[in-house]
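This report concerns only the one structure given below.
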Amino acid sequence: MLEKSRYAPLFESVRIGPVTAPNRLYQVPHCTGMGHALPQTLVAMRAMKAEGGWGVVCTEYCSIHPSSDDHPYPFASLWDDGDLGNLAAMADAVHAHGALAGIELWHGGSYVSNLSTRTPSLGVRSAPARTDPVQSQRMDRRDIRELRRWHREAALRARKAGFDIVYVYPSHGYLISEFLSRSLNDRTDEYGGSLENRMRLLRELLDETRGAVGDRCAVAIRFSANGHGDEHLNEDEARDVVATLGHIPDLWDVVIADYDEEMGSSRFVGEGALEDRVAYVRKLTGKPVVCVGRFTSPDSMLGQIKRGVVDLIGAARPSIADPFLPTKVREGRLEDIRECIGCNICYAHDFRGAALRCTQNPTMGEEWRSGWHPERVPVGTGGSVLIVGAGPAGLEAAHILGKRGFQVALADAAEEAGGRVSRESRLPGLAQWARVRDFRLGQINRMPNVALYLDSRMQESDVRAFEADHVLIATGARWRRNGIGRWHARPIATLNPSGVYTPDDVLCGRLPAGDVVIFDDDHYYLGPVIAIKLADEGVRVRYVTTEGRAGAWSQNTQEQERTQRALIEHEIEIEVNVALAAFDQSIATFACVFSGRTHMVSASAVVLVTSREPDETLYRALVGEEAEDGVGELREAGRLARPASVQRIGDCLQPALIATAVYSGHRAARELGGTEQATRRERVLI
Ligand code: ADP
Ligand code: SF4
C-alpha cells in the first residue's frame, strides 16, 4: 500500500554518516520541562514518538558540565557516569521501536546563571546572564582546553548510553555562538578576530566529536543558516561557516537567527516559513539537512523533499501534537492527524519550568504519569452519556467516550460546535485554533455511537428527561462584566453599563464604536487580539493593562514582542501599569498600579478583559450546592435514580486555557465508569 502512496518518499531511509534513519521524519531536539528532573516521564514520552513512527528522536539540550546549569529549567545532563542510566533508558526505549536516538550536547556559556551548581558561568568575554544580575567568567586558553575535554567526554558518554547522533550546538546564543560573534568575541589570540579564528572552537569540537565517537555515531551540527544578526554573525559569514565546515558534520540541522520566528506561533508565522533562508545549506554541503517548519501537512513535507530543501522533515511541535503522525501518513489516515495549532502552550510550560503539555494532545506528558496512550483508550463499561456543551472539553470527552464504546449524546445551544474555539478562531491570527474543533468533529462524525445535537439548549428538566446513565456538564464560562479579576477583588464601583463590553460581546459580533478602552487584566492573547480586531474595524483603541507589557503572559509562548509590535503597527495606544478605576458617562479613570495616582481620558466604551465566571447554572440545578461529588447526596435522599453521575468539566469546572479544557474532558472521559486513576509521581527519595 505504501509503495503506491504519493507519500512513499517520506518513508525512504536516509544515511547519516555511519547510521541510517529508517525514514525522513525527524523529531529535532526540543525542550520538555522534564529533563534530568523527570526521567521516567521523559523516557515514556520520547518512546511514544518512536512508537508513533518518528525515524529519529532526540533529547533536549543536554549539558556537558556543571558550568552549564540552566536551573530552574530542567535540562538534560551528561556531567558524569551517574547521568548515563537515565539517558541510556531513553536511547533504549527509542531503539525498541526502530528509531535512531539523537543527543544535543550543550554548553550555555554566559546565558546561564548556574543557580544550582554555583559555579561561575563561562563566556568568550565576561557578559551578563540572560536574566540574573551575574556575569560570566572570561575564558582563558586553559578554560578552552577544559571545555574541549568536557565536550569530548560527554560525547563518549553519549555513545556509551547508546545514542546514534551526537550534536555540536553553536546556536541560540549559547557558548559556541559567543565565539562566533564579532561583537562578543574580543580575543586577540587564535580564537578571536578573523572569522577563521572565531570558528576555530567550533571546528575543533566537530573534529574532536568525530574523533571520539564518529566511528559509530553520526555527528550533527545545529546551526543558524542566516547567522545571528549583523552584530554577531552576519548572513555572509554564516554562509562562509557552512562552506568551510560543510564537509565535517554528517548532518546539518538548520535553524534561523530569529527564535521568535523559528518557534513562531501560528498568529505570526506560517508553515514552512524558514525555507528561503535555509535552502542553500544542502546545496553547499552535500550533506543531509533537517529543518523544522511546523509541518503538519504531508504534502508540504513532500514539497520540501521534492524541491531539495531538506532530506529530513524536522518536527518538534507536530510530534508533540501527534506522536503518531508518521504512522497515520504511512497508513493513509490523514484525517486522523491531530494537527498542531501553533499556540505554543507546549513551549510556555517548559518555559515556566513545568512538564510539557499540549492543547491538541492531552496525553502529552501523561504517558508515564497517568499511563495514557495517545491512540488507545480503555474499553468502557457500557451505558449512555449526555454531554452538555460542545466546546473543546465537551468535544474531547465525546471523542474519547465514543472511542470507549459508550452511547454518547453531545448537545449544544449554539448552531455550531466548538464553543470558544469556534468563536475565537474568527479573531485575527487565530484561524488555526479551529483545528481543536475540526479534529474532534472529524472523529466523532465517523462514530455511529456519538450523536451531536446543535441548537439544543438544555435545561435541568431536559437533562433528567434524557435519562442518560452519566452526565458531563461542559457549559463553559462567561467573561465578567464587572471588572473583577486579578486587580479588582470587588466589582468596579462606577461602571456605565451601556458602554461596558466583554470579549463575549465582541466574539458574538456586538462591537463597541468610537473611542474604546480595552482593559486587560488577563494578560494573555485575548486583550491584544480584540484590540487588533477593533482597530481593523476602524475603532480608535486604547489598550490599558495592569502589567508592564501588552499581553505580558505571552512572553511564555514567545509571542509578547510580536504582540506589542502588532499593537504599535495598528496605531493602538498602549498604557501599561494602570488599572481601570471607573467608567462614567464618557470618561474612563485609570489608576497607576504603583502610586494609585489617577488620570482620565474620554472614552465611549470599555471592553473588560479581566476574568471569567464558570457557567454552572445547569450543574447546580442538577446537583445542588453541596454535592461536590456530583450526585451522592441526592441519590441517598432518594431524589435521583438517574443519572448515576454528574460531573463538570472544562471551563465550567475551572476557566483556564483551551489546553486545560481539553485535558479535563479527556481525563473525565477516560475515567468514566471506572475508578479514578491515581497519577504516578517522580520524586527523589532518600
Ligand atoms: P469549554 O472550553 O469548557 O469546552 P466553551 O465555553 O468553549 O467551554 O463551550 C461551552 C459550550 O457550552 C458552548 O458552546 C455553549 O453554547 C454550550 N452551552 C452552555 N450552556 C448550555 C446549555 N444549557 N445547553 C446546551 N449547551 C450549552
Ligand atoms: Fe502545537 Fe499548541 Fe500542541 Fe504546542 S501546544 S504542539 S503549539 S498544538
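Following the order of the C-alpha cells, first chain is A, next is B, and so on, with residues numbered from 1 inside each chain and ligands from 1 in the order they appear.
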Helix (DSSP H, G or I) positions in range 327-419 of chain A, given as an MDAnalysis selection string: chainID A and resid 327:330 334:336 345:351 392:403 419
Based on the selection just made, write C-alpha atoms of those residues as a PDB file, in the first residue's frame.
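Produced file result.pdb, reproduced below:
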```pdb
ATOM      1  CA  THR A 327       2.105   6.161  11.242  1.00  0.00           C
ATOM      2  CA  LYS A 328      -1.028   7.978  10.104  1.00  0.00           C
ATOM      3  CA  VAL A 329       0.651   9.316   6.969  1.00  0.00           C
ATOM      4  CA  ARG A 330       2.108   5.889   6.250  1.00  0.00           C
ATOM      5  CA  LEU A 334      -4.596  11.785   7.105  1.00  0.00           C
ATOM      6  CA  GLU A 335      -7.939  12.721   8.665  1.00  0.00           C
ATOM      7  CA  ASP A 336      -6.734  11.163  11.919  1.00  0.00           C
ATOM      8  CA  ILE A 345       1.349  26.254  25.022  1.00  0.00           C
ATOM      9  CA  CYS A 346       3.857  23.386  24.962  1.00  0.00           C
ATOM     10  CA  TYR A 347       6.764  25.790  24.964  1.00  0.00           C
ATOM     11  CA  ALA A 348       5.114  28.028  27.563  1.00  0.00           C
ATOM     12  CA  HIS A 349       5.062  25.287  30.157  1.00  0.00           C
ATOM     13  CA  ASP A 350       8.635  24.294  29.622  1.00  0.00           C
ATOM     14  CA  PHE A 351       9.450  27.989  29.859  1.00  0.00           C
ATOM     15  CA  PRO A 392     -13.179  21.854  23.490  1.00  0.00           C
ATOM     16  CA  ALA A 393     -13.966  19.990  26.735  1.00  0.00           C
ATOM     17  CA  GLY A 394     -17.260  18.503  25.543  1.00  0.00           C
ATOM     18  CA  LEU A 395     -15.883  17.580  22.127  1.00  0.00           C
ATOM     19  CA  GLU A 396     -12.844  15.848  23.610  1.00  0.00           C
ATOM     20  CA  ALA A 397     -14.998  13.971  26.104  1.00  0.00           C
ATOM     21  CA  ALA A 398     -17.382  12.875  23.321  1.00  0.00           C
ATOM     22  CA  HIS A 399     -14.459  11.728  21.193  1.00  0.00           C
ATOM     23  CA  ILE A 400     -12.902   9.612  23.955  1.00  0.00           C
ATOM     24  CA  LEU A 401     -16.192   8.219  25.273  1.00  0.00           C
ATOM     25  CA  GLY A 402     -17.179   7.345  21.719  1.00  0.00           C
ATOM     26  CA  LYS A 403     -13.908   5.516  21.300  1.00  0.00           C
ATOM     27  CA  GLY A 419     -17.658  26.702  21.792  1.00  0.00           C
TER      28      GLY A 419
END
```
Please write out the residues within 9 Å of ligand 1 as a PyMOL selection string, counting only C-alpha atoms and all ligand atoms. chain A and resi 387-396+410-423+454-460+473-478+614-618+648-662+664-665
Write the selection just made, keeping C-alpha atoms, as an mmCIF file, in the first residue's frame?
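File part_9.cif, as written:
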```cif
data_model
loop_
_atom_site.group_PDB
_atom_site.id
_atom_site.type_symbol
_atom_site.label_atom_id
_atom_site.label_comp_id
_atom_site.auth_asym_id
_atom_site.auth_seq_id
_atom_site.Cartn_x
_atom_site.Cartn_y
_atom_site.Cartn_z
ATOM 1 C CA ILE A 387 -22.593 15.804 27.414
ATOM 2 C CA VAL A 388 -23.944 19.342 27.589
ATOM 3 C CA GLY A 389 -21.681 21.776 25.746
ATOM 4 C CA ALA A 390 -19.657 21.045 22.600
ATOM 5 C CA GLY A 391 -16.682 23.306 23.276
ATOM 6 C CA PRO A 392 -13.179 21.854 23.490
ATOM 7 C CA ALA A 393 -13.966 19.990 26.735
ATOM 8 C CA GLY A 394 -17.260 18.503 25.543
ATOM 9 C CA LEU A 395 -15.883 17.580 22.127
ATOM 10 C CA GLU A 396 -12.844 15.848 23.610
ATOM 11 C CA LEU A 410 -23.492 15.742 22.728
ATOM 12 C CA ALA A 411 -25.812 18.767 22.927
ATOM 13 C CA ASP A 412 -25.003 22.427 22.414
ATOM 14 C CA ALA A 413 -27.187 25.509 22.483
ATOM 15 C CA ALA A 414 -25.249 27.071 19.619
ATOM 16 C CA GLU A 415 -25.750 26.450 15.919
ATOM 17 C CA GLU A 416 -22.154 25.338 15.502
ATOM 18 C CA ALA A 417 -19.929 23.120 17.599
ATOM 19 C CA GLY A 418 -16.614 24.261 19.067
ATOM 20 C CA GLY A 419 -17.658 26.702 21.792
ATOM 21 C CA ARG A 420 -14.992 29.304 22.487
ATOM 22 C CA VAL A 421 -12.647 27.778 19.927
ATOM 23 C CA SER A 422 -15.088 28.418 17.090
ATOM 24 C CA ARG A 423 -15.707 31.968 18.223
ATOM 25 C CA LEU A 454 -26.839 21.549 17.830
ATOM 26 C CA ASP A 455 -29.255 24.381 18.549
ATOM 27 C CA SER A 456 -30.252 22.411 21.636
ATOM 28 C CA ARG A 457 -30.192 24.398 24.858
ATOM 29 C CA MET A 458 -30.599 22.000 27.764
ATOM 30 C CA GLN A 459 -32.476 22.836 30.975
ATOM 31 C CA GLU A 460 -32.471 20.710 34.110
ATOM 32 C CA ILE A 473 -21.608 19.413 32.077
ATOM 33 C CA ALA A 474 -19.285 21.336 29.757
ATOM 34 C CA THR A 475 -21.126 24.630 29.605
ATOM 35 C CA GLY A 476 -18.009 26.804 29.720
ATOM 36 C CA ALA A 477 -17.607 30.209 31.313
ATOM 37 C CA ARG A 478 -18.522 33.839 30.605
ATOM 38 C CA PRO A 614 -17.963 29.480 35.288
ATOM 39 C CA ASP A 615 -21.391 28.830 33.767
ATOM 40 C CA GLU A 616 -22.502 26.238 36.278
ATOM 41 C CA THR A 617 -26.223 27.056 36.425
ATOM 42 C CA LEU A 618 -27.194 23.736 34.921
ATOM 43 C CA ARG A 648 -18.415 19.388 35.495
ATOM 44 C CA ILE A 649 -15.580 19.548 33.008
ATOM 45 C CA GLY A 650 -13.617 22.238 31.161
ATOM 46 C CA ASP A 651 -14.153 25.944 31.757
ATOM 47 C CA CYS A 652 -17.341 25.210 33.692
ATOM 48 C CA LEU A 653 -15.157 23.475 36.279
ATOM 49 C CA GLN A 654 -12.179 25.810 36.030
ATOM 50 C CA PRO A 655 -11.909 28.636 33.495
ATOM 51 C CA ALA A 656 -8.417 28.275 32.069
ATOM 52 C CA LEU A 657 -6.517 27.532 28.852
ATOM 53 C CA ILE A 658 -8.081 25.628 25.969
ATOM 54 C CA ALA A 659 -5.434 23.006 26.733
ATOM 55 C CA THR A 660 -6.819 22.705 30.272
ATOM 56 C CA ALA A 661 -10.371 22.225 28.982
ATOM 57 C CA VAL A 662 -9.307 19.516 26.534
ATOM 58 C CA SER A 664 -10.241 17.961 31.664
ATOM 59 C CA GLY A 665 -12.623 16.457 29.098
#
```
Let me have all residues with an atom within 7 Å of ligand 2, counting only C-alpha atoms and all ligand atoms, laid out as a ChimeraX atom specification. /A:265,317-318,320-321,339-347,357-361
Give me, as a ChimeraX atom specification, the residues of range 182-414 of chain A that a backbone DSSP run labels strand (DSSP E). /A:218-224,251-255,289-291,312-315,384-388,407-411
Pairwise distance for CA of Val609 in chain A and CA of Ala354 in chain A, rounded to one decimal in Å: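 If I compute the distance from CA of Val609 in chain A to CA of Ala354 in chain A, I get 26.2 Å.
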Calculated over only C-alpha atoms, which of the candidates A:Val57, A:Leu38, A:Val219, A:Ala465 has the smallest distance to Pro18 in chain A?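 Ranking A:Val57, A:Leu38, A:Val219, A:Ala465 by distance to Pro18 in chain A, first place goes to A:Val219.
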